[in-house]
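Below is work-v6.cif, holding mmCIF, C-alpha atoms.
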```cif
data_data
loop_
_atom_site.label_atom_id
_atom_site.label_comp_id
_atom_site.auth_asym_id
_atom_site.auth_seq_id
_atom_site.Cartn_x
_atom_site.Cartn_y
_atom_site.Cartn_z
CA ASN A 359 -27.23 22.37 -0.84
CA MET A 360 -29.47 20.16 -2.95
CA SER A 361 -26.79 18.49 -5.02
CA LYS A 362 -25.74 16.35 -2.06
CA ASN A 363 -24.24 13.13 -3.22
CA SER A 364 -26.15 11.07 -0.64
CA ILE A 365 -29.49 12.33 -1.96
CA LEU A 366 -28.56 11.47 -5.51
CA ILE A 367 -27.51 7.95 -4.43
CA ILE A 368 -30.63 7.32 -2.37
CA GLU A 369 -32.83 8.45 -5.27
CA LYS A 370 -31.07 5.89 -7.48
CA LEU A 371 -31.55 3.20 -4.83
CA ARG A 372 -35.27 4.00 -4.58
CA ASP A 373 -35.68 3.63 -8.33
CA VAL A 374 -33.86 0.32 -8.34
CA ILE A 375 -35.55 -1.29 -5.32
CA PHE A 376 -38.99 -0.59 -6.77
CA SER A 377 -38.09 -1.55 -10.34
CA LYS A 378 -39.31 -4.57 -12.29
CA GLU A 379 -35.73 -5.40 -13.37
CA ILE A 380 -34.46 -6.09 -9.86
CA ILE A 381 -37.16 -8.73 -9.40
CA SER A 382 -36.38 -10.59 -12.61
CA ASP A 383 -32.62 -10.37 -11.97
CA TYR A 384 -32.56 -11.44 -8.33
CA ARG A 385 -35.43 -13.86 -7.80
CA MET A 386 -34.54 -17.52 -7.48
CA LYS A 387 -37.04 -18.87 -10.01
CA LYS A 388 -38.98 -17.45 -12.96
CA GLN A 389 -42.31 -17.92 -11.17
CA ASP A 390 -41.28 -16.20 -7.92
CA PHE A 391 -42.98 -12.86 -7.16
CA THR A 392 -45.34 -13.10 -10.13
CA ARG A 393 -48.57 -13.13 -8.13
CA ASN A 394 -49.75 -10.07 -6.28
CA ARG A 395 -48.82 -11.02 -2.76
CA LYS A 396 -49.01 -9.40 0.67
CA GLN A 397 -45.25 -9.20 0.57
CA PRO A 398 -43.97 -7.99 -2.77
CA PHE A 399 -40.25 -8.22 -3.54
CA CYS A 400 -39.44 -4.61 -2.60
CA ARG A 401 -41.12 -4.95 0.78
CA VAL A 402 -39.21 -8.10 1.69
CA ILE A 403 -36.00 -6.28 0.79
CA LEU A 404 -36.96 -3.22 2.86
CA PHE A 405 -37.81 -5.43 5.82
CA MET A 406 -34.43 -7.16 5.60
CA LEU A 407 -32.64 -3.82 5.40
CA ASN A 408 -34.21 -2.67 8.66
CA LEU A 409 -31.41 -4.04 10.89
CA LEU A 410 -33.25 -7.15 12.10
CA ARG A 411 -31.58 -8.02 15.38
CA LYS A 412 -34.49 -8.85 17.69
CA SER A 413 -37.01 -11.66 17.62
CA MET A 414 -38.73 -11.86 14.24
CA VAL A 415 -42.23 -11.33 15.67
CA ILE A 416 -41.13 -8.09 17.33
CA GLU A 417 -39.31 -6.95 14.19
CA ILE A 418 -42.40 -7.57 12.04
CA ASP A 419 -44.61 -5.68 14.48
CA ASN A 420 -42.18 -2.76 14.52
CA PHE A 421 -41.93 -2.75 10.71
CA LEU A 422 -45.72 -2.64 10.22
CA GLN A 423 -46.20 -0.05 12.95
CA HIS A 424 -43.61 2.17 11.38
CA LEU A 425 -44.70 1.87 7.79
CA ASN A 426 -48.38 2.29 8.62
CA SER A 427 -47.92 5.25 10.93
CA LYS A 428 -45.30 7.13 8.96
CA LEU A 429 -46.03 6.36 5.34
CA ASN A 430 -49.60 6.99 4.42
CA PHE A 431 -49.78 4.81 1.36
CA GLN A 432 -51.84 1.62 1.07
CA ARG A 433 -51.85 -0.15 4.42
CA VAL A 434 -49.22 -2.84 4.81
CA ASP A 435 -50.91 -6.04 5.93
CA ASN A 436 -49.65 -8.15 8.76
CA PHE A 437 -47.53 -11.18 7.87
CA THR A 438 -46.08 -14.01 9.93
CA SER A 439 -42.45 -14.96 10.52
CA SER A 440 -42.90 -18.09 8.48
CA ALA A 441 -44.39 -16.12 5.58
CA PHE A 442 -41.28 -13.95 5.63
CA VAL A 443 -39.03 -17.01 5.71
CA GLN A 444 -40.85 -18.42 2.66
CA GLN A 445 -40.45 -15.15 0.78
CA ARG A 446 -36.79 -14.60 1.59
CA LYS A 447 -35.97 -18.03 0.12
CA LYS A 448 -36.94 -16.64 -3.26
CA ILE A 449 -34.36 -13.84 -3.21
CA LYS A 450 -30.73 -14.23 -4.23
CA PRO A 451 -28.33 -12.87 -1.58
CA GLU A 452 -26.41 -11.06 -4.36
CA VAL A 453 -29.22 -8.51 -4.52
CA PHE A 454 -27.50 -6.66 -1.65
CA ASN A 455 -24.18 -6.65 -3.50
CA TYR A 456 -26.02 -5.16 -6.44
CA LEU A 457 -27.49 -2.43 -4.21
CA SER A 458 -24.01 -1.76 -2.81
CA SER A 459 -22.65 -1.46 -6.34
CA ILE A 460 -25.23 1.26 -7.03
CA ILE A 461 -23.82 3.21 -4.09
CA ILE A 462 -20.23 2.68 -5.28
CA ASP A 463 -20.91 3.51 -8.95
CA ASN A 464 -22.64 6.74 -7.99
CA TYR A 465 -20.18 7.78 -5.32
CA TYR A 466 -17.01 7.99 -7.40
CA LEU A 467 -18.40 10.56 -9.81
CA LYS A 468 -16.47 13.63 -10.90
CA SER A 469 -19.29 15.75 -9.50
CA ASN A 470 -18.79 14.39 -5.97
CA GLN A 471 -16.55 16.86 -4.20
CA ASN A 472 -16.25 14.79 -1.03
CA ILE A 473 -14.13 11.95 -2.39
CA LYS A 474 -10.99 11.62 -0.31
CA ARG A 475 -7.72 10.52 -1.87
CA PHE A 476 -4.07 10.34 -0.84
CA ASN A 477 -1.57 11.54 -3.48
CA SER A 478 -4.38 11.12 -6.03
CA PHE A 479 -4.74 7.42 -5.11
CA ARG A 480 -7.87 5.75 -3.90
CA ILE A 481 -6.47 4.05 -0.77
CA LEU A 482 -7.86 0.55 -0.41
CA ALA A 483 -7.14 -2.08 2.21
CA VAL A 484 -7.87 -5.78 2.13
CA ASP A 485 -8.18 -7.98 5.15
CA GLY A 486 -9.86 -11.19 6.17
CA SER A 487 -11.82 -11.77 9.35
CA LYS A 488 -13.52 -14.82 10.80
CA ILE A 489 -17.26 -14.55 11.20
CA THR A 490 -18.87 -16.91 13.72
CA LEU A 491 -21.94 -18.64 12.28
CA PRO A 492 -24.78 -20.64 13.81
CA TYR A 493 -23.78 -24.25 14.45
CA THR A 494 -25.64 -26.33 11.86
CA GLU A 495 -24.56 -29.26 9.71
CA GLU A 496 -25.26 -27.36 6.47
CA LEU A 497 -23.10 -24.41 7.51
CA LYS A 498 -20.38 -26.66 8.92
CA LEU A 499 -20.18 -28.46 5.56
CA PHE A 500 -19.96 -25.29 3.53
CA TYR A 501 -17.98 -22.91 5.73
CA GLY A 502 -15.94 -25.36 7.81
CA GLU A 503 -15.21 -25.24 11.51
CA SER A 504 -12.50 -23.86 13.76
CA LYS A 505 -11.32 -25.66 16.86
CA ASN A 506 -9.58 -24.27 19.91
CA GLN A 507 -7.31 -25.99 22.45
CA THR A 508 -10.20 -27.71 24.18
CA ASP A 509 -11.37 -29.17 20.85
CA THR A 510 -14.63 -27.28 21.07
CA SER A 511 -15.54 -26.71 17.48
CA ILE A 512 -17.33 -23.66 16.22
CA VAL A 513 -18.61 -22.90 12.73
CA GLN A 514 -16.92 -19.89 11.13
CA GLY A 515 -16.74 -18.37 7.68
CA MET A 516 -13.89 -16.21 6.38
CA ALA A 517 -14.91 -12.77 5.23
CA SER A 518 -12.69 -10.61 3.08
CA VAL A 519 -13.40 -7.05 2.02
CA LEU A 520 -11.86 -4.56 -0.36
CA TYR A 521 -12.30 -1.36 1.62
CA ASP A 522 -11.74 2.27 0.72
CA VAL A 523 -10.32 3.44 4.05
CA LEU A 524 -10.63 7.18 3.43
CA ASN A 525 -14.22 7.12 2.17
CA ARG A 526 -15.20 4.19 4.41
CA LEU A 527 -16.83 2.18 1.63
CA VAL A 528 -16.76 -1.55 0.97
CA LEU A 529 -16.13 -1.98 -2.76
CA ASN A 530 -16.50 -5.75 -2.62
CA SER A 531 -17.03 -8.41 0.03
CA VAL A 532 -16.92 -12.19 0.05
CA LEU A 533 -17.76 -14.82 2.67
CA GLU A 534 -16.08 -18.17 2.05
CA ASN A 535 -14.90 -21.34 3.75
CA VAL A 536 -12.83 -20.53 6.84
CA LYS A 537 -9.83 -22.44 5.44
CA THR A 538 -9.59 -20.34 2.24
CA GLY A 539 -6.20 -18.65 1.98
CA GLU A 540 -5.98 -14.88 2.44
CA ARG A 541 -4.33 -14.33 -0.94
CA GLU A 542 -6.90 -16.39 -2.79
CA LEU A 543 -9.65 -14.35 -1.13
CA ALA A 544 -7.85 -11.07 -1.85
CA LEU A 545 -7.66 -11.89 -5.56
CA LYS A 546 -11.42 -12.44 -5.65
CA HIS A 547 -11.68 -8.66 -5.32
CA LYS A 548 -9.71 -8.18 -8.53
CA PRO A 549 -12.69 -7.29 -10.79
CA HIS A 550 -13.17 -4.23 -8.56
CA TRP A 551 -9.65 -2.85 -8.90
CA LYS A 552 -9.42 0.41 -10.83
CA GLN A 553 -6.63 2.60 -12.23
CA ASN A 554 -5.10 4.78 -9.47
CA ASP A 555 -5.91 2.34 -6.69
CA LEU A 556 -3.27 1.73 -4.07
CA ILE A 557 -3.96 -1.39 -2.02
CA ILE A 558 -2.51 -1.91 1.45
CA TYR A 559 -2.01 -5.42 2.79
CA ASP A 560 -0.89 -6.81 6.11
CA ARG A 561 1.69 -9.52 6.69
CA GLY A 562 -0.17 -12.58 5.42
CA TYR A 563 -0.06 -11.51 1.80
CA PRO A 564 3.39 -11.19 0.23
CA SER A 565 4.17 -13.79 -2.44
CA TYR A 566 5.84 -13.36 -5.80
CA ASP A 567 2.72 -14.40 -7.64
CA PHE A 568 0.50 -12.07 -5.63
CA LYS A 569 2.66 -9.05 -6.41
CA ASN A 570 2.90 -10.12 -10.04
CA GLU A 571 -0.93 -10.15 -10.31
CA HIS A 572 -0.96 -6.51 -9.21
CA ILE A 573 1.81 -5.45 -11.59
CA LYS A 574 0.06 -7.18 -14.52
CA SER A 575 -3.12 -5.27 -13.70
CA GLY A 576 -1.27 -1.97 -13.25
CA ILE A 577 -2.31 -1.72 -9.60
CA ASP A 578 0.03 -0.39 -6.91
CA TYR A 579 0.38 -1.98 -3.50
CA VAL A 580 2.03 -1.60 -0.12
CA ILE A 581 2.54 -4.84 1.82
CA ARG A 582 3.97 -5.25 5.27
CA VAL A 583 6.48 -8.10 5.34
CA GLN A 584 7.88 -10.10 8.21
CA LYS A 585 11.44 -9.30 9.16
CA ASN A 586 12.55 -12.81 8.28
CA HIS A 587 10.61 -12.74 5.00
CA SER A 588 13.71 -13.33 2.83
CA LYS A 589 17.46 -12.82 2.63
CA VAL A 590 16.85 -9.61 0.71
CA VAL A 591 14.74 -8.23 3.58
CA SER A 592 17.18 -9.36 6.25
CA SER A 593 20.14 -7.65 4.55
CA PHE A 594 18.03 -4.52 4.01
CA ILE A 595 17.37 -4.38 7.78
CA LEU A 596 21.09 -4.77 8.52
CA SER A 597 21.96 -2.00 6.06
CA LYS A 598 20.01 0.48 8.26
CA LYS A 599 18.84 2.22 5.07
CA LYS A 600 15.46 3.96 4.96
CA THR A 601 14.58 2.71 1.51
CA LEU A 602 16.02 0.49 -1.19
CA THR A 603 14.83 -0.78 -4.56
CA VAL A 604 15.62 -4.46 -5.11
CA ASP A 605 14.91 -7.25 -7.60
CA ILE A 606 13.06 -10.26 -6.30
CA PHE A 607 12.74 -13.67 -7.96
CA PRO A 608 10.25 -16.53 -7.52
CA GLN A 609 11.30 -19.26 -5.10
CA GLU A 610 13.03 -22.28 -6.62
CA ARG A 611 10.20 -24.63 -5.68
CA HIS A 612 7.58 -22.41 -7.33
CA VAL A 613 5.29 -24.04 -9.92
CA PHE A 614 5.53 -22.15 -13.21
CA THR A 615 2.90 -23.91 -15.34
CA GLY A 616 0.49 -21.39 -16.84
CA LYS A 617 2.40 -18.41 -15.45
CA ASN A 618 3.75 -15.48 -17.47
CA TYR A 619 7.15 -15.73 -15.71
CA ASP A 620 9.87 -18.27 -14.91
CA LYS A 621 12.49 -18.59 -12.18
CA ASN A 622 14.69 -15.93 -13.80
CA THR A 623 11.95 -13.28 -14.11
CA SER A 624 12.56 -10.53 -11.60
CA LEU A 625 10.14 -8.02 -10.13
CA LYS A 626 11.33 -4.65 -8.93
CA VAL A 627 10.08 -3.80 -5.46
CA ARG A 628 10.99 -1.06 -3.07
CA LEU A 629 11.63 -1.81 0.59
CA ILE A 630 10.90 0.84 3.19
CA ARG A 631 11.84 0.90 6.82
CA VAL A 632 9.35 2.47 9.23
CA ASP A 633 10.48 3.20 12.79
CA LEU A 634 7.72 2.89 15.37
CA PRO A 635 7.60 4.84 18.65
CA GLY A 636 8.55 1.86 20.84
CA GLY A 637 11.80 1.26 18.94
CA GLU A 638 10.17 -1.47 16.85
CA ILE A 639 10.61 -1.40 13.06
CA GLU A 640 8.22 -2.37 10.32
CA ILE A 641 9.29 -3.32 6.82
CA LEU A 642 7.01 -2.39 3.93
CA MET A 643 7.31 -3.62 0.36
CA THR A 644 5.78 -1.48 -2.38
CA SER A 645 5.46 -1.05 -6.12
CA LEU A 646 5.83 2.73 -5.73
CA LEU A 647 9.46 2.83 -6.85
CA ASP A 648 9.92 6.56 -7.42
CA SER A 649 11.41 8.02 -4.26
CA GLN A 650 11.09 11.59 -5.61
CA ILE A 651 7.31 11.33 -5.89
CA TYR A 652 6.87 8.95 -2.96
CA PRO A 653 9.51 9.77 -0.33
CA ALA A 654 10.04 7.12 2.36
CA SER A 655 8.64 9.56 4.94
CA ILE A 656 5.01 9.23 3.70
CA PHE A 657 4.79 5.48 4.21
CA LYS A 658 4.30 5.43 7.95
CA GLU A 659 1.14 7.49 7.63
CA LEU A 660 0.11 5.57 4.55
CA TYR A 661 0.42 2.15 6.16
CA PHE A 662 -1.36 3.44 9.25
CA LEU A 663 -4.43 4.17 7.10
CA ARG A 664 -4.90 0.40 6.90
CA TRP A 665 -6.28 0.64 10.43
CA GLY A 666 -9.57 1.78 8.89
CA ILE A 667 -10.37 -1.78 7.81
CA GLU A 668 -9.95 -3.00 11.41
CA THR A 669 -12.40 -0.33 12.49
CA PHE A 670 -14.80 -1.49 9.78
CA TYR A 671 -14.78 -5.08 11.07
CA ASP A 672 -15.31 -3.79 14.59
CA GLU A 673 -18.40 -1.91 13.39
CA LEU A 674 -19.65 -4.85 11.40
CA LYS A 675 -19.43 -7.21 14.37
CA ASN A 676 -20.02 -5.02 17.41
CA LYS A 677 -22.25 -2.21 16.17
CA LEU A 678 -24.07 -3.70 13.20
CA LYS A 679 -24.00 -7.10 14.96
CA VAL A 680 -23.57 -9.08 11.77
CA GLU A 681 -23.15 -12.30 13.76
CA TYR A 682 -26.74 -12.11 15.05
CA PHE A 683 -28.04 -13.98 12.02
CA THR A 684 -31.75 -14.15 11.22
CA GLY A 685 -31.65 -17.69 9.80
CA TYR A 686 -29.70 -20.91 9.73
CA SER A 687 -29.37 -21.64 6.02
CA LYS A 688 -26.37 -20.71 3.90
CA MET A 689 -28.65 -18.43 1.93
CA SER A 690 -29.90 -16.44 4.92
CA ILE A 691 -26.32 -16.13 6.24
CA GLU A 692 -25.27 -14.59 2.91
CA GLN A 693 -28.31 -12.34 2.78
CA ASP A 694 -27.61 -11.05 6.29
CA PHE A 695 -23.90 -10.58 5.66
CA PHE A 696 -24.22 -8.69 2.35
CA CYS A 697 -27.14 -6.72 3.76
CA ALA A 698 -25.02 -5.52 6.70
CA VAL A 699 -22.26 -4.45 4.32
CA PHE A 700 -24.81 -2.49 2.27
CA ILE A 701 -26.11 -0.72 5.40
CA SER A 702 -22.56 0.18 6.38
CA ASN A 703 -22.02 1.73 2.94
CA LEU A 704 -25.27 3.66 3.12
CA GLN A 705 -24.34 5.04 6.53
CA SER A 706 -20.90 6.11 5.21
CA VAL A 707 -22.42 7.95 2.25
CA ILE A 708 -24.63 10.00 4.55
CA VAL A 709 -21.76 10.69 6.97
CA ASN A 710 -19.34 11.62 4.17
CA ASP A 711 -21.71 14.37 3.13
CA LEU A 712 -21.40 15.92 6.59
CA GLU A 713 -17.68 16.80 6.28
CA GLU A 714 -18.30 20.55 5.93
CA GLU A 715 -20.76 20.69 8.81
CA LEU A 716 -18.32 18.76 11.01
CA CYS A 717 -15.50 21.14 10.11
CA LEU A 718 -17.66 24.11 11.09
CA LYS A 719 -18.57 22.39 14.33
CA ASN A 720 -14.90 21.61 15.04
CA ARG A 721 -13.74 25.17 14.48
CA ASN A 722 -14.46 26.32 17.99
CA THR A 723 -13.85 23.14 19.99
CA LYS A 724 -10.61 22.01 21.54
CA LEU A 725 -10.81 18.45 20.16
CA ASP A 726 -12.09 17.43 16.76
CA TYR A 727 -15.36 15.54 16.79
CA LYS A 728 -16.58 12.69 14.62
CA ILE A 729 -19.94 11.02 14.09
CA ASN A 730 -20.79 8.35 16.66
CA THR A 731 -21.16 5.28 14.43
CA ASN A 732 -22.84 3.16 17.08
CA LEU A 733 -25.65 5.67 17.53
CA SER A 734 -25.85 6.41 13.81
CA TYR A 735 -26.94 2.81 13.15
CA GLY A 736 -29.50 3.16 15.90
CA PHE A 737 -30.88 6.27 14.17
CA LEU A 738 -30.94 4.45 10.83
CA LYS A 739 -33.22 1.74 12.22
CA ASN A 740 -36.76 2.41 10.84
CA ARG A 741 -35.62 5.62 9.15
CA ILE A 742 -33.95 3.47 6.51
CA LEU A 743 -37.47 2.41 5.50
CA GLU A 744 -38.40 6.01 4.78
CA LEU A 745 -35.09 6.72 3.07
CA LEU A 746 -35.72 3.93 0.59
CA CYS A 747 -39.50 4.18 0.23
CA LYS A 748 -40.56 6.05 -2.87
CA GLU A 749 -43.47 7.79 -1.16
CA ALA A 750 -41.51 9.41 1.65
CA PRO A 751 -40.11 12.97 1.35
CA LEU A 752 -36.40 12.26 0.88
CA GLU A 753 -34.82 15.60 1.67
CA GLU A 754 -36.67 15.93 4.96
CA ILE A 755 -35.58 12.49 6.13
CA VAL A 756 -31.95 13.01 5.13
CA LYS A 757 -31.99 16.37 6.92
CA GLU A 758 -33.44 14.76 10.06
CA LEU A 759 -30.80 12.01 10.00
CA GLU A 760 -28.00 14.49 9.42
CA ASN A 761 -29.13 16.57 12.39
CA LEU A 762 -29.24 13.50 14.61
CA PHE A 763 -25.77 12.47 13.44
CA LEU A 764 -24.36 15.96 14.03
CA GLN A 765 -25.94 16.35 17.46
CA ASN A 766 -24.38 13.09 18.61
CA THR A 767 -20.68 13.34 17.94
CA ILE A 768 -17.75 12.01 19.95
CA PRO A 769 -14.29 13.55 20.35
CA ILE A 770 -11.36 12.08 18.43
CA ARG A 771 -8.68 11.42 21.02
CA LEU A 772 -5.35 11.24 19.28
CA ASN A 773 -2.31 9.17 20.20
CA ARG A 774 -4.07 6.94 22.66
CA ASN A 775 -2.21 3.69 22.86
CA ASN A 776 -4.00 0.63 24.22
CA LYS A 777 -1.57 -2.22 24.79
CA ARG A 778 -2.59 -5.23 22.76
CA LYS A 779 -3.30 -8.37 24.81
CA VAL A 780 -2.06 -11.18 22.64
CA GLY A 781 -3.96 -14.44 22.98
CA LYS A 782 -6.67 -13.05 25.22
CA TYR A 783 -9.38 -14.86 23.26
CA LYS A 784 -7.79 -18.32 23.20
CA LYS A 785 -10.77 -19.74 25.07
CA ARG A 786 -13.96 -20.33 23.17
CA ILE A 787 -16.00 -17.66 24.90
CA ARG A 788 -14.90 -14.07 24.88
CA PRO A 789 -14.84 -12.39 28.28
CA VAL A 790 -17.66 -9.94 28.77
CA VAL A 791 -16.23 -6.47 28.38
CA LEU A 792 -18.51 -3.94 29.96
CA LYS A 793 -18.48 -1.21 27.36
CA ASN A 794 -19.17 2.40 28.11
CA GLN A 795 -21.81 2.29 25.40
CA LYS A 796 -25.13 0.53 25.23
CA ASP A 797 -25.95 -1.21 21.99
CA ALA A 798 -27.87 1.04 19.65
CA ILE A 799 -29.59 -1.68 17.63
#
```
Give the structure from this file in structure tokens form.
Amino acid sequence: NMSKNSILIIEKLRDVIFSKEIISDYRMKKQDFTRNRKQPFCRVILFMLNLLRKSMVIEIDNFLQHLNSKLNFQRVDNFTSSAFVQQRKKIKPEVFNYLSSIIIDNYYLKSNQNIKRFNSFRILAVDGSKITLPYTEELKLFYGESKNQTDTSIVQGMASVLYDVLNRLVLNSVLENVKTGERELALKHKPHWKQNDLIIYDRGYPSYDFKNEHIKSGIDYVIRVQKNHSKVVSSFILSKKKTLTVDIFPQERHVFTGKNYDKNTSLKVRLIRVDLPGGEIEILMTSLLDSQIYPASIFKELYFLRWGIETFYDELKNKLKVEYFTGYSKMSIEQDFFCAVFISNLQSVIVNDLEEELCLKNRNTKLDYKINTNLSYGFLKNRILELLCKEAPLEEIVKELENLFLQNTIPIRLNRNNKRKVGKYKKRIRPVVLKNQKDAI
């Protein structure tokens, strides 16, 4: 099967990383990367993509060893940590967003048979998460700090991602000051919304204006609302109905300057009641008004899909170890963050191509198996260099990776319910949880 989508995407990425255009678009100054240096632009990028989590000296040694033993093109000369630091300063962090956009643009093609949808929607979720940063004055000024009860302060940024939960791809990511509001962050993803997107939000998001932004753009949403969200919601709960379409109005104290509505402009929303196993109820608010096409019964499963974004953050922090930053400047923080997101997308593209093989494998096993993400990042280390290096034989490397991924699967255990410990991380330092896995990178 040569027409694999992952191969097509990686070929595109190879062309781009080694192109002249990427240098002129993503270098800091006109004169950067003009001389023929030991470390050309593409090599600095490759080095940064190689999951740098250990001491720089060790990472450099590993990088040179690997390139010189595996790829028999002109020898890569040794360079020092400080030479790398000088070079990385010349590269805009957005270069990794650009590389991610190449993955995204080439994934949602008609020819790609592996795209997963739900009722013909692309199911997206948005959520914010705090990312702990190194404690420096520069980062504290830009990203802000969080305090806990003991007044220990810690520098954190607020990440927000627009995430396709079924295809496990980040369509857009931002890292901003920790005090930025969730809705403001969520609207930064707006340029990446497309027709037939359905976006799922958790409780922090519902406001009249926020919903109005979606309606104006023709984008559907499902938002979980608190039970005391409004009188309309409270009376809906009392009515015991499964679903109800209501008109909502802006709050009296709303500021209307520059808005396309006033206090008498109503929005139609549909409320849906979801009963959870423990007798709890959840209330969802959605723009999908047609109960013939979208019966109330599909919303429990639909809202549950949002869980994929929680899993993504877990991978980003605990498997890709995004918080192990390789520098202390705002620029290196952004480079590392966007780079980790890109690697996550690349991993997903390779895994998504393995659907058929996984189905075959699952045919004669009691439980269904999935790819072990932790190990898959470990396998990507170093091999990512060959994947993206023009000289290396692409199909062989993809095949080797796929085999490693398929040999190391883990069972999907359904309906396991771990009780959530609320407030267990109130103290500054998280308790050490001895995992049953060793870190793979």
Residues matched by the PyMOL selection byres ((chain A and resi 501-509) around 7), written as a VMD selection string: chain A and resid 497 to 500 510 to 515 534 to 536 785 to 786
Rank A:Glu369, A:Asp555, A:Asp726, A:Asp605 by their smallest atom-to-atom distance to Arg475 (chain A), using all atoms listed in the file, and report the top residue only.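 The shortest atom-to-atom distance to Arg475 (chain A) comes from A:Asp555.
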On this structure, the PyMOL selection byres ((chain A and resi 452-454) around 8) would catch which residues? List them as a list in words, sorted by chain and number.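 For this structure, the PyMOL selection byres ((chain A and resi 452-454) around 8) captures Ile380, Tyr384, Ile449, Lys450, Pro451, Asn455, Tyr456, Leu457, Ser458, Gln693, Phe696, Cys697 and Phe700 of chain A.
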Quick check on the file I pasted: which residues fall under the PyMOL selection byres ((chain A and resi 667-670) around 10)? Write them as number ranges by chain. A: 482-487, 519-524, 526-528, 663-666, 671-677, 699, 702
Counting all atoms listed in the file, what is within 12 Å of Lys428 (chain A), bar same-chain residues fewer than 5 positions away, as a compact mmCIF listing (two decimals) with C-alpha atoms, in the frame of the given file?
```
# COMPACT_ATOMS: atom_id res chain seq x y z
CA ASN A 420 -42.18 -2.76 14.52
CA PHE A 421 -41.93 -2.75 10.71
CA LEU A 422 -45.72 -2.64 10.22
CA GLN A 423 -46.20 -0.05 12.95
CA ARG A 433 -51.85 -0.15 4.42
CA VAL A 434 -49.22 -2.84 4.81
CA ASN A 740 -36.76 2.41 10.84
CA ARG A 741 -35.62 5.62 9.15
CA LEU A 743 -37.47 2.41 5.50
CA GLU A 744 -38.40 6.01 4.78
CA LEU A 745 -35.09 6.72 3.07
CA CYS A 747 -39.50 4.18 0.23
CA GLU A 749 -43.47 7.79 -1.16
CA ALA A 750 -41.51 9.41 1.65
CA PRO A 751 -40.11 12.97 1.35
CA ILE A 755 -35.58 12.49 6.13
```
Selection as a list in words: residues within 12 Å of (-31.7, 14.6, 10.3), counting all atoms listed in the file: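 Residues close enough to count: Ile708, Val709, Leu712, Ser734, Phe737, Leu738, Arg741, Ile742, Leu745, Leu752, Glu753, Glu754, Ile755, Val756, Lys757, Glu758, Leu759, Glu760, Asn761, Leu762, Phe763, Leu764, Gln765 and Asn766 of chain A.
For Thr623 (chain A), the non-local neighbours within 9 Å, defined as residues at least 5 positions apart in the same chain or in other chains and counting all atoms listed in the file, are A:Ile606, A:Phe607, A:Pro608.
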Can you work out the spacing between CA of Asn554 (chain A) and CA of Arg480 (chain A) in Å, to one decimal?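 So the two atoms, CA of Asn554 (chain A) and CA of Arg480 (chain A), lie 6.3 Å apart.
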In Å to one decimal, how far is CA of Ser706 (chain A) from CA of Ile418 (chain A)?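 These two atoms are separated by 26.4 Å.
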